[in-house]
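Novice: Contents of run_20.txt (compact mmCIF, N, CA and C atoms):
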```txt
# COMPACT_ATOMS: atom_id res chain seq x y z
N MET L 291 172.81 -58.18 231.68
CA MET L 291 173.09 -58.61 230.32
C MET L 291 174.41 -58.00 229.89
N PRO L 292 175.24 -58.77 229.26
CA PRO L 292 176.52 -58.21 228.79
C PRO L 292 176.30 -57.24 227.63
N GLU L 293 177.26 -56.36 227.45
CA GLU L 293 177.19 -55.43 226.33
C GLU L 293 177.14 -56.22 225.03
N VAL L 294 176.16 -55.92 224.20
CA VAL L 294 176.01 -56.66 222.95
C VAL L 294 176.27 -55.80 221.71
N LEU L 295 176.35 -54.50 221.91
CA LEU L 295 176.59 -53.61 220.77
C LEU L 295 177.35 -52.39 221.28
N ARG L 296 178.41 -52.10 220.61
CA ARG L 296 179.20 -50.93 221.00
C ARG L 296 179.19 -49.93 219.85
N ILE L 297 178.70 -48.75 220.14
CA ILE L 297 178.67 -47.66 219.16
C ILE L 297 179.82 -46.72 219.51
N THR L 298 180.62 -46.39 218.52
CA THR L 298 181.83 -45.62 218.81
C THR L 298 181.86 -44.22 218.19
N SER L 299 180.78 -43.84 217.50
CA SER L 299 180.80 -42.49 216.92
C SER L 299 179.38 -41.96 216.73
N VAL L 300 179.30 -40.64 216.67
CA VAL L 300 178.03 -39.98 216.40
C VAL L 300 177.52 -40.38 215.02
N GLU L 301 178.43 -40.53 214.08
CA GLU L 301 178.03 -40.93 212.72
C GLU L 301 177.32 -42.28 212.73
N GLN L 302 177.81 -43.21 213.55
CA GLN L 302 177.15 -44.51 213.65
C GLN L 302 175.74 -44.37 214.23
N LEU L 303 175.58 -43.50 215.19
CA LEU L 303 174.25 -43.26 215.77
C LEU L 303 173.30 -42.71 214.71
N TYR L 304 173.78 -41.75 213.93
CA TYR L 304 172.93 -41.18 212.87
C TYR L 304 172.57 -42.24 211.82
N ILE L 305 173.51 -43.09 211.47
CA ILE L 305 173.22 -44.15 210.49
C ILE L 305 172.17 -45.11 211.04
N LEU L 306 172.29 -45.47 212.31
CA LEU L 306 171.28 -46.35 212.92
C LEU L 306 169.91 -45.68 212.94
N LEU L 307 169.88 -44.41 213.27
CA LEU L 307 168.61 -43.68 213.28
C LEU L 307 168.02 -43.63 211.88
N ASP L 308 168.85 -43.37 210.88
CA ASP L 308 168.37 -43.37 209.49
C ASP L 308 167.84 -44.74 209.09
N ALA L 309 168.51 -45.80 209.53
CA ALA L 309 168.06 -47.15 209.20
C ALA L 309 166.70 -47.44 209.83
N ILE L 310 166.49 -46.98 211.04
CA ILE L 310 165.19 -47.16 211.69
C ILE L 310 164.11 -46.38 210.95
N LEU L 311 164.40 -45.15 210.58
CA LEU L 311 163.43 -44.35 209.84
C LEU L 311 163.08 -45.02 208.51
N GLU L 312 164.09 -45.52 207.82
CA GLU L 312 163.85 -46.21 206.55
C GLU L 312 163.02 -47.46 206.75
N ALA L 313 163.35 -48.24 207.76
CA ALA L 313 162.62 -49.48 208.02
C ALA L 313 161.17 -49.22 208.42
N LYS L 314 160.94 -48.19 209.24
CA LYS L 314 159.58 -47.90 209.70
C LYS L 314 158.70 -47.32 208.60
N PHE L 315 159.28 -46.46 207.77
CA PHE L 315 158.45 -45.66 206.88
C PHE L 315 158.64 -45.96 205.40
N HIS L 316 159.29 -47.03 205.07
CA HIS L 316 159.47 -47.40 203.67
C HIS L 316 158.11 -47.74 203.05
N ALA L 317 157.89 -47.28 201.84
CA ALA L 317 156.59 -47.50 201.17
C ALA L 317 156.30 -48.98 200.91
N MET L 318 157.31 -49.79 200.77
CA MET L 318 157.11 -51.22 200.53
C MET L 318 157.95 -52.00 201.54
N PRO L 319 157.51 -52.05 202.80
CA PRO L 319 158.32 -52.67 203.84
C PRO L 319 158.43 -54.18 203.68
N ASN L 320 159.56 -54.71 204.12
CA ASN L 320 159.76 -56.15 204.14
C ASN L 320 159.24 -56.76 205.43
N ASP L 321 159.11 -55.96 206.48
CA ASP L 321 158.65 -56.45 207.77
C ASP L 321 157.62 -55.48 208.32
N ASN L 322 156.37 -55.83 208.22
CA ASN L 322 155.29 -54.95 208.66
C ASN L 322 155.27 -54.71 210.16
N ASP L 323 155.89 -55.58 210.94
CA ASP L 323 155.88 -55.44 212.39
C ASP L 323 156.77 -54.30 212.88
N ILE L 324 157.73 -53.89 212.07
CA ILE L 324 158.64 -52.81 212.48
C ILE L 324 157.88 -51.50 212.63
N TYR L 325 156.93 -51.24 211.79
CA TYR L 325 156.20 -49.96 211.76
C TYR L 325 155.58 -49.63 213.12
N GLY L 326 154.96 -50.57 213.75
CA GLY L 326 154.28 -50.31 215.02
C GLY L 326 155.00 -50.88 216.22
N SER L 327 156.26 -51.20 216.09
CA SER L 327 156.99 -51.87 217.16
C SER L 327 157.41 -50.91 218.27
N LEU L 328 157.00 -51.23 219.48
CA LEU L 328 157.43 -50.45 220.64
C LEU L 328 158.92 -50.65 220.90
N ILE L 329 159.44 -51.81 220.56
CA ILE L 329 160.88 -52.08 220.73
C ILE L 329 161.68 -51.17 219.80
N VAL L 330 161.26 -51.07 218.55
CA VAL L 330 161.95 -50.19 217.59
C VAL L 330 161.86 -48.74 218.06
N ASN L 331 160.69 -48.33 218.56
CA ASN L 331 160.54 -46.97 219.06
C ASN L 331 161.48 -46.72 220.24
N ASP L 332 161.61 -47.70 221.13
CA ASP L 332 162.50 -47.57 222.29
C ASP L 332 163.95 -47.43 221.84
N ILE L 333 164.36 -48.24 220.88
CA ILE L 333 165.73 -48.16 220.36
C ILE L 333 165.97 -46.80 219.72
N ALA L 334 165.01 -46.31 218.94
CA ALA L 334 165.15 -44.99 218.31
C ALA L 334 165.30 -43.91 219.38
N GLN L 335 164.51 -44.00 220.44
CA GLN L 335 164.60 -43.01 221.51
C GLN L 335 165.95 -43.08 222.22
N ARG L 336 166.48 -44.29 222.40
CA ARG L 336 167.81 -44.44 223.00
C ARG L 336 168.88 -43.81 222.12
N ILE L 337 168.73 -43.97 220.82
CA ILE L 337 169.70 -43.36 219.90
C ILE L 337 169.63 -41.84 220.01
N ILE L 338 168.43 -41.30 220.04
CA ILE L 338 168.26 -39.84 220.16
C ILE L 338 168.88 -39.35 221.47
N ASN L 339 168.61 -40.06 222.57
CA ASN L 339 169.19 -39.68 223.86
C ASN L 339 170.71 -39.75 223.82
N ALA L 340 171.26 -40.76 223.16
CA ALA L 340 172.71 -40.89 223.04
C ALA L 340 173.29 -39.74 222.22
N LEU L 341 172.59 -39.34 221.16
CA LEU L 341 173.05 -38.22 220.35
C LEU L 341 173.09 -36.93 221.18
N ILE L 342 172.06 -36.73 221.98
CA ILE L 342 172.02 -35.54 222.85
C ILE L 342 173.15 -35.61 223.88
N ALA L 343 173.37 -36.80 224.44
CA ALA L 343 174.45 -36.98 225.42
C ALA L 343 175.82 -36.73 224.78
N CYS L 344 175.93 -36.96 223.48
CA CYS L 344 177.19 -36.72 222.76
C CYS L 344 177.35 -35.26 222.35
N GLY L 345 176.37 -34.43 222.70
CA GLY L 345 176.49 -33.00 222.41
C GLY L 345 175.78 -32.53 221.15
N GLU L 346 175.05 -33.43 220.50
CA GLU L 346 174.30 -33.00 219.31
C GLU L 346 173.17 -32.05 219.75
N SER L 347 172.92 -31.05 218.95
CA SER L 347 171.91 -30.05 219.35
C SER L 347 170.50 -30.60 219.16
N ARG L 348 169.66 -30.24 220.10
CA ARG L 348 168.24 -30.63 219.99
C ARG L 348 167.62 -30.04 218.73
N GLU L 349 168.05 -28.82 218.39
CA GLU L 349 167.52 -28.16 217.18
C GLU L 349 167.82 -28.98 215.94
N ARG L 350 169.05 -29.48 215.83
CA ARG L 350 169.42 -30.31 214.67
C ARG L 350 168.58 -31.58 214.63
N LEU L 351 168.40 -32.20 215.79
CA LEU L 351 167.60 -33.43 215.85
C LEU L 351 166.13 -33.14 215.53
N GLU L 352 165.61 -32.03 216.04
CA GLU L 352 164.22 -31.66 215.75
C GLU L 352 164.03 -31.42 214.26
N GLN L 353 165.01 -30.81 213.61
CA GLN L 353 164.91 -30.61 212.17
C GLN L 353 164.94 -31.94 211.44
N LYS L 354 165.83 -32.82 211.85
CA LYS L 354 165.97 -34.13 211.21
C LYS L 354 164.71 -34.96 211.38
N LEU L 355 164.07 -34.86 212.54
CA LEU L 355 162.92 -35.71 212.87
C LEU L 355 161.58 -35.02 212.68
N SER L 356 161.60 -33.88 212.04
CA SER L 356 160.35 -33.17 211.78
C SER L 356 159.48 -33.96 210.80
N LEU L 357 158.24 -34.15 211.17
CA LEU L 357 157.30 -34.87 210.30
C LEU L 357 157.24 -34.23 208.92
N GLU L 358 157.40 -32.93 208.86
CA GLU L 358 157.30 -32.21 207.59
C GLU L 358 158.38 -32.65 206.59
N ARG L 359 159.51 -33.16 207.09
CA ARG L 359 160.57 -33.67 206.19
C ARG L 359 160.18 -34.98 205.53
N TYR L 360 159.19 -35.65 206.09
CA TYR L 360 158.79 -36.98 205.62
C TYR L 360 157.35 -36.90 205.13
N SER L 361 157.16 -36.20 204.04
CA SER L 361 155.81 -35.87 203.56
C SER L 361 154.95 -37.10 203.25
N LYS L 362 155.55 -38.18 202.82
CA LYS L 362 154.77 -39.36 202.45
C LYS L 362 154.31 -40.18 203.66
N VAL L 363 154.93 -39.95 204.80
CA VAL L 363 154.62 -40.74 206.00
C VAL L 363 153.18 -40.50 206.45
N TRP L 364 152.68 -39.31 206.27
CA TRP L 364 151.32 -38.97 206.70
C TRP L 364 150.29 -39.86 206.00
N ASP L 365 150.29 -39.83 204.67
CA ASP L 365 149.33 -40.64 203.91
C ASP L 365 149.59 -42.12 204.09
N TYR L 366 150.85 -42.49 204.15
CA TYR L 366 151.22 -43.89 204.37
C TYR L 366 150.64 -44.39 205.69
N SER L 367 150.70 -43.57 206.72
CA SER L 367 150.19 -43.96 208.04
C SER L 367 148.68 -44.08 208.04
N ILE L 368 148.01 -43.18 207.35
CA ILE L 368 146.55 -43.29 207.23
C ILE L 368 146.19 -44.59 206.51
N GLU L 369 146.89 -44.85 205.43
CA GLU L 369 146.62 -46.08 204.67
C GLU L 369 146.87 -47.32 205.53
N ARG L 370 147.96 -47.33 206.28
CA ARG L 370 148.27 -48.49 207.12
C ARG L 370 147.18 -48.75 208.14
N ILE L 371 146.69 -47.70 208.76
CA ILE L 371 145.61 -47.87 209.75
C ILE L 371 144.36 -48.38 209.06
N CYS L 372 144.01 -47.79 207.94
CA CYS L 372 142.78 -48.16 207.24
C CYS L 372 142.82 -49.58 206.67
N THR L 373 143.99 -50.05 206.30
CA THR L 373 144.08 -51.37 205.67
C THR L 373 144.51 -52.48 206.62
N ARG L 374 145.22 -52.13 207.70
CA ARG L 374 145.76 -53.17 208.57
C ARG L 374 145.30 -53.11 210.01
N SER L 375 144.80 -51.95 210.43
CA SER L 375 144.44 -51.79 211.85
C SER L 375 143.03 -51.23 212.02
N LYS L 376 142.22 -51.35 210.99
CA LYS L 376 140.90 -50.72 210.99
C LYS L 376 140.07 -51.10 212.22
N GLN L 377 139.94 -52.38 212.49
CA GLN L 377 139.09 -52.82 213.59
C GLN L 377 139.67 -52.38 214.93
N TYR L 378 140.98 -52.49 215.06
CA TYR L 378 141.64 -52.05 216.28
C TYR L 378 141.38 -50.56 216.51
N TRP L 379 141.57 -49.77 215.47
CA TRP L 379 141.39 -48.32 215.54
C TRP L 379 139.96 -47.97 215.95
N LYS L 380 138.99 -48.62 215.38
CA LYS L 380 137.58 -48.31 215.66
C LYS L 380 137.23 -48.52 217.13
N ASN L 381 137.92 -49.43 217.80
CA ASN L 381 137.62 -49.73 219.20
C ASN L 381 138.35 -48.83 220.19
N LEU L 382 139.21 -47.94 219.70
CA LEU L 382 139.96 -47.06 220.59
C LEU L 382 139.18 -45.80 220.93
N THR L 383 139.41 -45.28 222.13
CA THR L 383 138.88 -43.96 222.49
C THR L 383 139.68 -42.92 221.73
N ILE L 384 139.23 -41.69 221.73
CA ILE L 384 139.93 -40.63 221.01
C ILE L 384 141.34 -40.44 221.58
N ASP L 385 141.48 -40.51 222.90
CA ASP L 385 142.81 -40.36 223.50
C ASP L 385 143.73 -41.51 223.10
N LYS L 386 143.19 -42.72 223.06
CA LYS L 386 143.99 -43.89 222.66
C LYS L 386 144.35 -43.82 221.18
N LYS L 387 143.48 -43.25 220.36
CA LYS L 387 143.79 -43.06 218.94
C LYS L 387 144.97 -42.10 218.78
N ARG L 388 144.97 -41.04 219.55
CA ARG L 388 146.08 -40.08 219.51
C ARG L 388 147.37 -40.75 219.98
N GLU L 389 147.26 -41.53 221.04
CA GLU L 389 148.42 -42.25 221.57
C GLU L 389 148.96 -43.26 220.54
N TYR L 390 148.06 -43.98 219.91
CA TYR L 390 148.44 -44.96 218.90
C TYR L 390 149.11 -44.28 217.71
N ALA L 391 148.53 -43.18 217.24
CA ALA L 391 149.10 -42.44 216.12
C ALA L 391 150.49 -41.90 216.48
N HIS L 392 150.62 -41.39 217.68
CA HIS L 392 151.91 -40.88 218.13
C HIS L 392 152.96 -41.99 218.10
N MET L 393 152.58 -43.18 218.54
CA MET L 393 153.47 -44.32 218.55
C MET L 393 153.87 -44.70 217.12
N LEU L 394 152.93 -44.64 216.19
CA LEU L 394 153.24 -44.98 214.81
C LEU L 394 154.23 -43.99 214.19
N PHE L 395 154.10 -42.71 214.53
CA PHE L 395 155.00 -41.70 213.97
C PHE L 395 156.38 -41.68 214.64
N CYS L 396 156.49 -42.23 215.81
CA CYS L 396 157.76 -42.23 216.54
C CYS L 396 158.89 -42.79 215.67
N PRO L 397 160.03 -42.17 215.61
CA PRO L 397 160.55 -41.08 216.43
C PRO L 397 160.34 -39.69 215.82
N LEU L 398 159.51 -39.60 214.81
CA LEU L 398 159.25 -38.28 214.21
C LEU L 398 158.50 -37.40 215.19
N ILE L 399 158.70 -36.11 215.06
CA ILE L 399 158.08 -35.15 215.95
C ILE L 399 156.79 -34.65 215.31
N ILE L 400 155.71 -34.76 216.06
CA ILE L 400 154.41 -34.30 215.58
C ILE L 400 153.74 -33.47 216.68
N SER L 401 153.25 -32.31 216.31
CA SER L 401 152.61 -31.43 217.29
C SER L 401 151.23 -31.98 217.66
N ASP L 402 150.70 -31.49 218.76
CA ASP L 402 149.37 -31.92 219.19
C ASP L 402 148.31 -31.57 218.15
N ASP L 403 148.44 -30.38 217.56
CA ASP L 403 147.47 -29.98 216.53
C ASP L 403 147.51 -30.91 215.32
N ARG L 404 148.72 -31.26 214.90
CA ARG L 404 148.85 -32.17 213.75
C ARG L 404 148.35 -33.57 214.11
N LEU L 405 148.55 -33.99 215.35
CA LEU L 405 148.06 -35.28 215.80
C LEU L 405 146.54 -35.30 215.75
N THR L 406 145.90 -34.24 216.20
CA THR L 406 144.45 -34.13 216.13
C THR L 406 143.98 -34.17 214.69
N GLU L 407 144.66 -33.44 213.83
CA GLU L 407 144.33 -33.44 212.40
C GLU L 407 144.48 -34.84 211.80
N PHE L 408 145.53 -35.53 212.19
CA PHE L 408 145.75 -36.88 211.68
C PHE L 408 144.61 -37.81 212.07
N VAL L 409 144.23 -37.79 213.34
CA VAL L 409 143.12 -38.64 213.82
C VAL L 409 141.85 -38.33 213.04
N GLN L 410 141.58 -37.06 212.81
CA GLN L 410 140.39 -36.67 212.04
C GLN L 410 140.46 -37.19 210.61
N GLN L 411 141.63 -37.14 210.00
CA GLN L 411 141.76 -37.63 208.63
C GLN L 411 141.62 -39.14 208.55
N VAL L 412 142.10 -39.85 209.56
CA VAL L 412 141.90 -41.30 209.58
C VAL L 412 140.40 -41.60 209.69
N GLU L 413 139.72 -40.89 210.57
CA GLU L 413 138.27 -41.09 210.74
C GLU L 413 137.53 -40.82 209.43
N GLU L 414 137.92 -39.76 208.76
CA GLU L 414 137.30 -39.42 207.47
C GLU L 414 137.59 -40.50 206.42
N ALA L 415 138.81 -40.97 206.39
CA ALA L 415 139.18 -42.01 205.41
C ALA L 415 138.40 -43.29 205.68
N LEU L 416 138.21 -43.63 206.93
CA LEU L 416 137.43 -44.85 207.25
C LEU L 416 135.96 -44.67 206.91
N THR L 417 135.44 -43.48 207.14
CA THR L 417 134.02 -43.18 206.86
C THR L 417 133.74 -43.22 205.36
N THR L 418 134.67 -42.71 204.58
CA THR L 418 134.47 -42.63 203.13
C THR L 418 135.01 -43.85 202.39
N ASN L 419 135.54 -44.81 203.15
CA ASN L 419 136.14 -46.02 202.56
C ASN L 419 137.18 -45.68 201.50
N ARG L 420 138.00 -44.70 201.81
CA ARG L 420 139.04 -44.28 200.87
C ARG L 420 140.05 -45.40 200.62
N TRP L 421 140.24 -46.27 201.63
CA TRP L 421 141.15 -47.40 201.43
C TRP L 421 140.40 -48.68 201.59
```
As structure tokens, how would this structure be written, given the file I've shared?
Specialist:
Amino acid sequence: MPEVLRITSVEQLYILLDAILEAKFHAMPNDNDIYGSLIVNDIAQRIINALIACGESRERLEQKLSLERYSKVWDYSIERICTRSKQYWKNLTIDKKREYAHMLFCPLIISDDRLTEFVQQVEEALTTNRW
């Protein structure tokens, strides 16, 4: 495939990454498919790899992509699962639930402990019909 997009600066990479974060985690999205898109996740990961290849520090990227910086994403993600993916979620094994949640949070960084906590909170929200 011929080159279809040429990025010429680190600033452009950061803007693209910010655009992906905004598109995935906006409270009122225009395109619901972006949130769970493996293609969008792949593009975000390519941007992160390109930033690292350009000499950006992993520490800076980890700070930028820390789930803790995006406080509303946690509840938003629980709500999305409970309102749009409830039946799908119920049919997953615990490992697949963790995998699915990790995919939804991508490219944000989430620890294994927080991932376990997230799965438990989704289960609780579904049990109590919070959404």
Novice: List every residue of segment 311-337 of chain L that has an atom at most 8 Å from any atom of segment 347-367 of chain L, giving for each one its closest atom pair and the distance in Å to one decimal, counting only N, CA and C atoms, sorted by chain and then by ascending residue number, as CSV.
Specialist:
```
residue,atom,partner,partner_atom,distance
L:Phe315,CA,L:Val363,CA,6.3
L:His316,N,L:Val363,CA,7.9
L:Ala317,CA,L:Tyr366,CA,7.2
```
Novice: Output N, CA and C atoms for every residue in the selection just made, as a PDB file, in the frame of the given file.
Specialist:
```pdb
ATOM      1  N   PHE L 315     159.280 -46.460 207.770  1.00  0.00           N
ATOM      2  CA  PHE L 315     158.450 -45.660 206.880  1.00  0.00           C
ATOM      3  C   PHE L 315     158.640 -45.960 205.400  1.00  0.00           C
ATOM      4  N   HIS L 316     159.290 -47.030 205.070  1.00  0.00           N
ATOM      5  CA  HIS L 316     159.470 -47.400 203.670  1.00  0.00           C
ATOM      6  C   HIS L 316     158.110 -47.740 203.050  1.00  0.00           C
ATOM      7  N   ALA L 317     157.890 -47.280 201.840  1.00  0.00           N
ATOM      8  CA  ALA L 317     156.590 -47.500 201.170  1.00  0.00           C
ATOM      9  C   ALA L 317     156.300 -48.980 200.910  1.00  0.00           C
TER      10      ALA L 317
END
```
Novice: Per residue of segment 372-418 of chain L within 8 Å of segment 319-330 of chain L, which atom pair is closest and at what distance in Å (one decimal), using only N, CA and C atoms, listed by chain and increasing number, as JSON lines?
Specialist:
```
{"residue": "L:Met393", "atom": "C", "partner": "L:Gly326", "partner_atom": "CA", "distance": 6.0}
{"residue": "L:Leu394", "atom": "CA", "partner": "L:Gly326", "partner_atom": "CA", "distance": 5.4}
{"residue": "L:Phe395", "atom": "N", "partner": "L:Tyr325", "partner_atom": "C", "distance": 7.2}
{"residue": "L:Cys396", "atom": "C", "partner": "L:Val330", "partner_atom": "C", "distance": 7.1}
{"residue": "L:Pro397", "atom": "N", "partner": "L:Val330", "partner_atom": "C", "distance": 7.2}
```
Novice: Got time to write the residues from that selection, N, CA and C atoms, as a tab-separated table (two decimals), in the frame of the given file?
Specialist:
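Result file follows (part20.tsv):
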```tsv
chain	number	residue	atom	x	y	z
L	393	MET	N	152.58	-43.18	218.54
L	393	MET	CA	153.47	-44.32	218.55
L	393	MET	C	153.87	-44.70	217.12
L	394	LEU	N	152.93	-44.64	216.19
L	394	LEU	CA	153.24	-44.98	214.81
L	394	LEU	C	154.23	-43.99	214.19
L	395	PHE	N	154.10	-42.71	214.53
L	395	PHE	CA	155.00	-41.70	213.97
L	395	PHE	C	156.38	-41.68	214.64
L	396	CYS	N	156.49	-42.23	215.81
L	396	CYS	CA	157.76	-42.23	216.54
L	396	CYS	C	158.89	-42.79	215.67
L	397	PRO	N	160.03	-42.17	215.61
L	397	PRO	CA	160.55	-41.08	216.43
L	397	PRO	C	160.34	-39.69	215.82
```
Novice: Hey, what's within 12 Å of segment 374-385 of chain L if we count only C-alpha atoms and toss same-chain stuff fewer than 2 positions away? As JSON, numbers by chain, please?
Specialist: {"L": [322, 323, 325, 326, 366, 367, 368, 369, 370, 371, 372, 387, 388, 389, 390, 391, 392, 394, 402, 405, 406, 408, 409, 410, 412, 413, 415, 416, 417, 419, 421]}
Novice: Pull the helix (DSSP H, G or I) assignments for chain L out of DSSP run on the backbone, and list those residues as a ChimeraX atom specification.
Specialist: /L:300-315,328-343,348-354,357-359,361-374,376-380,384-395,402-417
Novice: So which one's closest to Ala340 of chain L, L:Thr373, L:Leu306, L:Val300, L:Asp403? Using only C-alpha atoms, please.
Specialist: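 Of the candidates, the smallest distance to Ala340 of chain L is held by L:Val300.
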Novice: Can you measure atom N of Leu307 of chain L to atom CA of Glu407 of chain L for me? One decimal in Å is fine.
Specialist: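 These two atoms are separated by 27.8 Å.
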Novice: Mind giving me the straight-line distance from atom C of Leu341 of chain L to atom N of Ile297 of chain L in Å, one decimal?
Specialist: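 These two atoms are separated by 13.1 Å.
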Novice: What is the distance between atom N of Arg420 of chain L and atom CA of Leu311 of chain L, in Å to one decimal?
Specialist: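 Computed distance, atom N of Arg420 of chain L to atom CA of Leu311 of chain L, equals 26.7 Å.
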